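J.: Have a look at this one.
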Amino acid sequence: MNTDYLSRRGFARAAGLAAMSGLWTECALAQRALVGGKVPPGTIWLNANENPAGPGEAAIAAMKEAMATAGRYHYQEWGNHSATIGRSFGLERENVILGSGSSEVLCAAVHAFTSATRPLIYSEPTYELPIALARALGHKAIPVPLTASYAADVKRMRQEAVNAGGGLIFICNPNNPTSSITPKADIDWLANSLPPNAVALIDEAYIHFSTSPQLVSALDHVKAGRNVVVSRTFSKIYGMAGLRVGFGCAKPELIQAMAPFPAGVISWVGIRAALAALEDPRMVPERQARYIRIRADLCKWLEGQGFSYLEPHANFMMIDTRRNVRTVIPAMVERGVAPGRAFPPLDNMLRVTIGTETEMEKFKRVFLEVMKA
Ligand SMILES: Cc1ncc(COP(=O)(O)O)c(C=O)c1O
């Protein structure tokens, strides 16, 4: 009987293989995102920055139609899909890589542009998936604390890349978990002064949730042919997290370097839904206005209750609970509200996804109850 899989070495090898496909870190993150303890029926989920609106009408109609022909791979049509997505941003098919969520694009960038000597340079705290993958692969990963205004410290990140002779500079904009932004001037400065062998990976998963003039997509740097990869997702404003559709934009050389790493063609049903959503001109502005309004209401309420928070630019925000959130989270879960987990080193900050108006009313009630307990 082969018991190698039971041995420590066998397990390490299996984990290594899983990491190679990006699976290991997805599983590890899903595990970490799980809400522990007993979850009462009717719990509201404000823990994963999903969009309670779900897919729009056009996307649902497209999925119904796609289901009937889901028996085939539809290989011939995938080039058109990349072309359609590229065109919507003034780019070509060669500038686009599709992924099973933007997670797969982020993982592809880590595989392609980091190594044992070429580091992933990331803000702390930020979205952990690329960091977890770099570590699982034995690649170098260098944290750089956010600035006092919770922006990426682009000067220090660039310096780290200079010191290492290159690297992948990962900036999530707006940032998860802080919901803060790195201003346009900083992104522009970095994109224009990247040292040799350095690539900037700008994760714009939440870019639609802010109208700040300081927050501008880095896609112009892609168009200008700089060493910049922009990742986007249909999981957030488009409300399709379960469909797993994301994409990255970059110049063709960078796309080609990443291309071998995603697992393969993504779901036919998912991509048909994504393209239908992209063509709906009302969806993004309508949802943007809605979530900005609900978020502003929560901010005002928190101020009225004497709680401070980080100025939010995404569909989630961080609230200062003035105590370790590890004591707050289980008490909220017990009462039917599942907030985000702890994000060290911001140990007193509770990350809360912006849900529907009704959900946020329940959040307010439970939050006050727990804070007063
Ligand atoms: C900042 C950020 N980037 C990327 C992702 C990955 O999302 P998806 O793989 O669903 O596109 C998430 C998920 O929460 C995220 O918070």
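As shown in the structure tokens, the chain order sets the letters A, B, ...; within each chain, residues go from 1, and ligands are also counted from 1 in the order they appear.
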Using only C-alpha atoms and all ligand atoms, find each residue with an atom at most 6 Å away from ligand 1 and format the answer as a ChimeraX atom specification.

T.: /A:101-103,127,172,176,203,205,233,235,241,244,246

J.: Could you please take those selected residues and save N, CA and C atoms as a PDB file, in the first residue's frame?

T.:
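Contents of the output file selection21.pdb:
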ATOM      1  N   GLY A 101     -12.019  33.851 -11.443  1.00  0.00           N
ATOM      2  CA  GLY A 101     -11.938  34.977 -10.510  1.00  0.00           C
ATOM      3  C   GLY A 101     -10.625  35.710 -10.742  1.00  0.00           C
ATOM      4  N   SER A 102     -10.504  36.897 -10.168  1.00  0.00           N
ATOM      5  CA  SER A 102      -9.214  37.578 -10.299  1.00  0.00           C
ATOM      6  C   SER A 102      -8.159  36.875  -9.467  1.00  0.00           C
ATOM      7  N   SER A 103      -8.590  36.013  -8.547  1.00  0.00           N
ATOM      8  CA  SER A 103      -7.631  35.218  -7.758  1.00  0.00           C
ATOM      9  C   SER A 103      -6.637  34.514  -8.668  1.00  0.00           C
ATOM     10  N   TYR A 127      -4.605  42.326   0.773  1.00  0.00           N
ATOM     11  CA  TYR A 127      -5.238  41.063   0.391  1.00  0.00           C
ATOM     12  C   TYR A 127      -4.169  39.966   0.347  1.00  0.00           C
ATOM     13  N   CYS A 172      -3.169  46.843  -3.823  1.00  0.00           N
ATOM     14  CA  CYS A 172      -4.593  46.608  -3.943  1.00  0.00           C
ATOM     15  C   CYS A 172      -5.260  47.988  -3.790  1.00  0.00           C
ATOM     16  N   ASN A 176      -7.817  46.073   0.415  1.00  0.00           N
ATOM     17  CA  ASN A 176      -8.515  45.181   1.331  1.00  0.00           C
ATOM     18  C   ASN A 176      -7.488  44.745   2.378  1.00  0.00           C
ATOM     19  N   ASP A 203      -4.365  45.595  -8.097  1.00  0.00           N
ATOM     20  CA  ASP A 203      -5.601  44.824  -7.934  1.00  0.00           C
ATOM     21  C   ASP A 203      -6.757  45.821  -7.750  1.00  0.00           C
ATOM     22  N   ALA A 205     -10.075  45.189  -7.680  1.00  0.00           N
ATOM     23  CA  ALA A 205     -11.323  44.448  -7.433  1.00  0.00           C
ATOM     24  C   ALA A 205     -12.458  45.365  -6.967  1.00  0.00           C
ATOM     25  N   THR A 233     -12.349  42.015 -11.387  1.00  0.00           N
ATOM     26  CA  THR A 233     -13.194  40.851 -11.100  1.00  0.00           C
ATOM     27  C   THR A 233     -14.668  41.151 -11.344  1.00  0.00           C
ATOM     28  N   SER A 235     -16.689  39.604  -9.323  1.00  0.00           N
ATOM     29  CA  SER A 235     -17.212  39.121  -8.036  1.00  0.00           C
ATOM     30  C   SER A 235     -17.819  40.211  -7.177  1.00  0.00           C
ATOM     31  N   ALA A 241     -19.712  36.555  -7.392  1.00  0.00           N
ATOM     32  CA  ALA A 241     -18.563  35.892  -6.746  1.00  0.00           C
ATOM     33  C   ALA A 241     -18.564  34.381  -6.981  1.00  0.00           C
ATOM     34  N   ARG A 244     -17.060  32.906 -10.517  1.00  0.00           N
ATOM     35  CA  ARG A 244     -15.613  32.828 -10.684  1.00  0.00           C
ATOM     36  C   ARG A 244     -15.140  33.344 -12.044  1.00  0.00           C
ATOM     37  N   GLY A 246     -12.802  36.531 -13.597  1.00  0.00           N
ATOM     38  CA  GLY A 246     -11.958  37.706 -13.417  1.00  0.00           C
ATOM     39  C   GLY A 246     -11.035  37.827 -14.608  1.00  0.00           C
TER      40      GLY A 246
END

J.: Return as a list in words the full set of residues in region 218-252 of chain A whose backbone-based DSSP assignment is strand (DSSP E or B).

T.: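 In region 218-252 of chain A, DSSP puts these residues in strand (DSSP E or B): Val228, Val229, Val230, Ser231, Arg232, Thr233, Gly246, Phe247, Gly248 and Cys249 of chain A.
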
J.: Quick one: everything within 12 Å of region 43-47 of chain A, counting only C-alpha atoms, minus sequence neighbours fewer than 5 positions away in the same chain. Send it as a ChimeraX atom specification.

T.: /A:30,32-36,38,52,177,315-318,329,332-342,350-363,366

J.: Can you work out which one of A:Leu133, A:Val229, A:Ala164, A:Ile237 has the shortest atom-to-atom distance to Met258 (chain A), counting only C-alpha atoms?

T.: A:Val229

J.: DSSP on the backbone, then: every residue of region 65-152 of chain A marked alpha helix (DSSP H), written as a PyMOL selection string.

T.: chain A and resi 65-67+78-87+101-113+129-136

J.: In Å, how far is it from CA of Ser100 (chain A) to CA of Gly270 (chain A)?

T.: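 Here the two named atoms are 9.3 Å from each other.
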
J.: Of the candidates A:Leu219, A:Val370, A:Ala161, A:Ile97, which one gets nearest to Pro252 (chain A) if we count only C-alpha atoms?

T.: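 Of all the options, A:Ile97 lies closest to Pro252 (chain A).
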
J.: Find, counting only C-alpha atoms, the residue in A:Trp268, A:Phe367, A:Tyr309, A:Phe343 that gets nearest to Thr69 (chain A).

T.: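 That would be A:Trp268, the residue with the smallest distance to Thr69 (chain A).
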
J.: Per residue of region 45-85 of chain A within 12 Å of region 260-267 of chain A, record the nearest atom pair and its distance in Å to one decimal, counting only C-alpha atoms, with rows in chain order and ascending residue number, as JSON lines.

T.:
{"residue": "A:Met63", "atom": "CA", "partner": "A:Ser267", "partner_atom": "CA", "distance": 10.7}
{"residue": "A:Ala66", "atom": "CA", "partner": "A:Ser267", "partner_atom": "CA", "distance": 10.2}
{"residue": "A:Met67", "atom": "CA", "partner": "A:Ser267", "partner_atom": "CA", "distance": 10.6}
{"residue": "A:Thr69", "atom": "CA", "partner": "A:Ser267", "partner_atom": "CA", "distance": 11.9}
{"residue": "A:Ala70", "atom": "CA", "partner": "A:Ser267", "partner_atom": "CA", "distance": 8.8}
{"residue": "A:Gly71", "atom": "CA", "partner": "A:Ser267", "partner_atom": "CA", "distance": 11.2}
{"residue": "A:Arg72", "atom": "CA", "partner": "A:Ser267", "partner_atom": "CA", "distance": 10.6}
{"residue": "A:Tyr73", "atom": "CA", "partner": "A:Val265", "partner_atom": "CA", "distance": 8.1}
{"residue": "A:His74", "atom": "CA", "partner": "A:Val265", "partner_atom": "CA", "distance": 9.5}
{"residue": "A:Tyr75", "atom": "CA", "partner": "A:Val265", "partner_atom": "CA", "distance": 8.2}
{"residue": "A:Gln76", "atom": "CA", "partner": "A:Val265", "partner_atom": "CA", "distance": 11.4}
{"residue": "A:Glu77", "atom": "CA", "partner": "A:Val265", "partner_atom": "CA", "distance": 10.9}
{"residue": "A:Trp78", "atom": "CA", "partner": "A:Val265", "partner_atom": "CA", "distance": 8.1}
{"residue": "A:Gly79", "atom": "CA", "partner": "A:Val265", "partner_atom": "CA", "distance": 10.9}
{"residue": "A:His81", "atom": "CA", "partner": "A:Ile266", "partner_atom": "CA", "distance": 11.2}
{"residue": "A:Ser82", "atom": "CA", "partner": "A:Val265", "partner_atom": "CA", "distance": 11.6}

J.: Could you dump the residues just selected with N, CA and C atoms as a PDB file, in the first residue's frame?

T.:
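Writing the result to out-v1.pdb gives the following:
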ATOM      1  N   MET A  63     -27.140  33.631 -18.631  1.00  0.00           N
ATOM      2  CA  MET A  63     -26.800  32.319 -18.053  1.00  0.00           C
ATOM      3  C   MET A  63     -27.828  31.268 -18.451  1.00  0.00           C
ATOM      4  N   ALA A  66     -27.043  30.258 -21.818  1.00  0.00           N
ATOM      5  CA  ALA A  66     -25.768  29.520 -21.917  1.00  0.00           C
ATOM      6  C   ALA A  66     -25.895  28.091 -21.392  1.00  0.00           C
ATOM      7  N   MET A  67     -26.788  27.891 -20.405  1.00  0.00           N
ATOM      8  CA  MET A  67     -26.936  26.562 -19.807  1.00  0.00           C
ATOM      9  C   MET A  67     -27.246  25.501 -20.865  1.00  0.00           C
ATOM     10  N   THR A  69     -26.308  25.238 -23.815  1.00  0.00           N
ATOM     11  CA  THR A  69     -25.192  24.837 -24.678  1.00  0.00           C
ATOM     12  C   THR A  69     -23.933  24.580 -23.852  1.00  0.00           C
ATOM     13  N   ALA A  70     -24.138  24.320 -22.553  1.00  0.00           N
ATOM     14  CA  ALA A  70     -22.987  24.121 -21.668  1.00  0.00           C
ATOM     15  C   ALA A  70     -22.359  22.738 -21.833  1.00  0.00           C
ATOM     16  N   GLY A  71     -22.864  21.940 -22.751  1.00  0.00           N
ATOM     17  CA  GLY A  71     -22.287  20.616 -23.001  1.00  0.00           C
ATOM     18  C   GLY A  71     -20.973  20.689 -23.759  1.00  0.00           C
ATOM     19  N   ARG A  72     -20.637  21.864 -24.262  1.00  0.00           N
ATOM     20  CA  ARG A  72     -19.404  21.987 -25.062  1.00  0.00           C
ATOM     21  C   ARG A  72     -18.420  22.964 -24.419  1.00  0.00           C
ATOM     22  N   TYR A  73     -17.149  22.831 -24.836  1.00  0.00           N
ATOM     23  CA  TYR A  73     -16.120  23.741 -24.296  1.00  0.00           C
ATOM     24  C   TYR A  73     -16.170  25.125 -24.944  1.00  0.00           C
ATOM     25  N   HIS A  74     -16.646  25.184 -26.175  1.00  0.00           N
ATOM     26  CA  HIS A  74     -16.736  26.458 -26.914  1.00  0.00           C
ATOM     27  C   HIS A  74     -15.361  27.096 -27.136  1.00  0.00           C
ATOM     28  N   TYR A  75     -14.371  26.257 -27.405  1.00  0.00           N
ATOM     29  CA  TYR A  75     -13.001  26.763 -27.532  1.00  0.00           C
ATOM     30  C   TYR A  75     -12.865  27.906 -28.538  1.00  0.00           C
ATOM     31  N   GLN A  76     -13.619  27.796 -29.644  1.00  0.00           N
ATOM     32  CA  GLN A  76     -13.422  28.803 -30.704  1.00  0.00           C
ATOM     33  C   GLN A  76     -13.792  30.208 -30.251  1.00  0.00           C
ATOM     34  N   GLU A  77     -14.608  30.278 -29.230  1.00  0.00           N
ATOM     35  CA  GLU A  77     -15.155  31.596 -28.884  1.00  0.00           C
ATOM     36  C   GLU A  77     -14.354  32.346 -27.828  1.00  0.00           C
ATOM     37  N   TRP A  78     -13.369  31.679 -27.211  1.00  0.00           N
ATOM     38  CA  TRP A  78     -12.685  32.312 -26.073  1.00  0.00           C
ATOM     39  C   TRP A  78     -11.876  33.531 -26.490  1.00  0.00           C
ATOM     40  N   GLY A  79     -11.306  33.478 -27.669  1.00  0.00           N
ATOM     41  CA  GLY A  79     -10.545  34.636 -28.153  1.00  0.00           C
ATOM     42  C   GLY A  79     -11.448  35.851 -28.264  1.00  0.00           C
ATOM     43  N   HIS A  81     -14.044  36.451 -26.484  1.00  0.00           N
ATOM     44  CA  HIS A  81     -14.369  36.948 -25.141  1.00  0.00           C
ATOM     45  C   HIS A  81     -13.279  37.872 -24.623  1.00  0.00           C
ATOM     46  N   SER A  82     -12.026  37.453 -24.796  1.00  0.00           N
ATOM     47  CA  SER A  82     -10.914  38.324 -24.367  1.00  0.00           C
ATOM     48  C   SER A  82     -10.957  39.622 -25.156  1.00  0.00           C
TER      49      SER A  82
END

J.: What separation in Å, quoted to one decimal, exists between CA of Val110 (chain A) and CA of Leu137 (chain A)?

T.: 9.4 Å

J.: Please identify all polymer residues within 12 Å of Glu286 (chain A), counting only C-alpha atoms, omitting same-chain residues fewer than 5 positions from it, and present them as an MDAnalysis selection string.

T.: chainID A and resid 53 56 208:209 237:238 280:281 291:293

J.: Write out, as a JSON list (two decimals), in the first residue's frame, the residues just selected, with C-alpha atoms.

T.:
[["chain", "number", "residue", "atom", "x", "y", "z"],
["A", 53, "ALA", "CA", -27.65, 42.27, -5.17],
["A", 56, "GLY", "CA", -28.11, 41.53, -12.73],
["A", 208, "HIS", "CA", -16.19, 50.79, -8.70],
["A", 209, "PHE", "CA", -17.16, 51.61, -5.12],
["A", 237, "ILE", "CA", -19.90, 45.28, -8.07],
["A", 238, "TYR", "CA", -21.23, 42.78, -10.63],
["A", 280, "ASP", "CA", -25.35, 46.76, -19.26],
["A", 281, "PRO", "CA", -24.66, 50.52, -19.00],
["A", 291, "TYR", "CA", -23.62, 51.23, -1.90],
["A", 292, "ILE", "CA", -22.05, 54.66, -1.50],
["A", 293, "ARG", "CA", -25.37, 55.84, -0.03]]
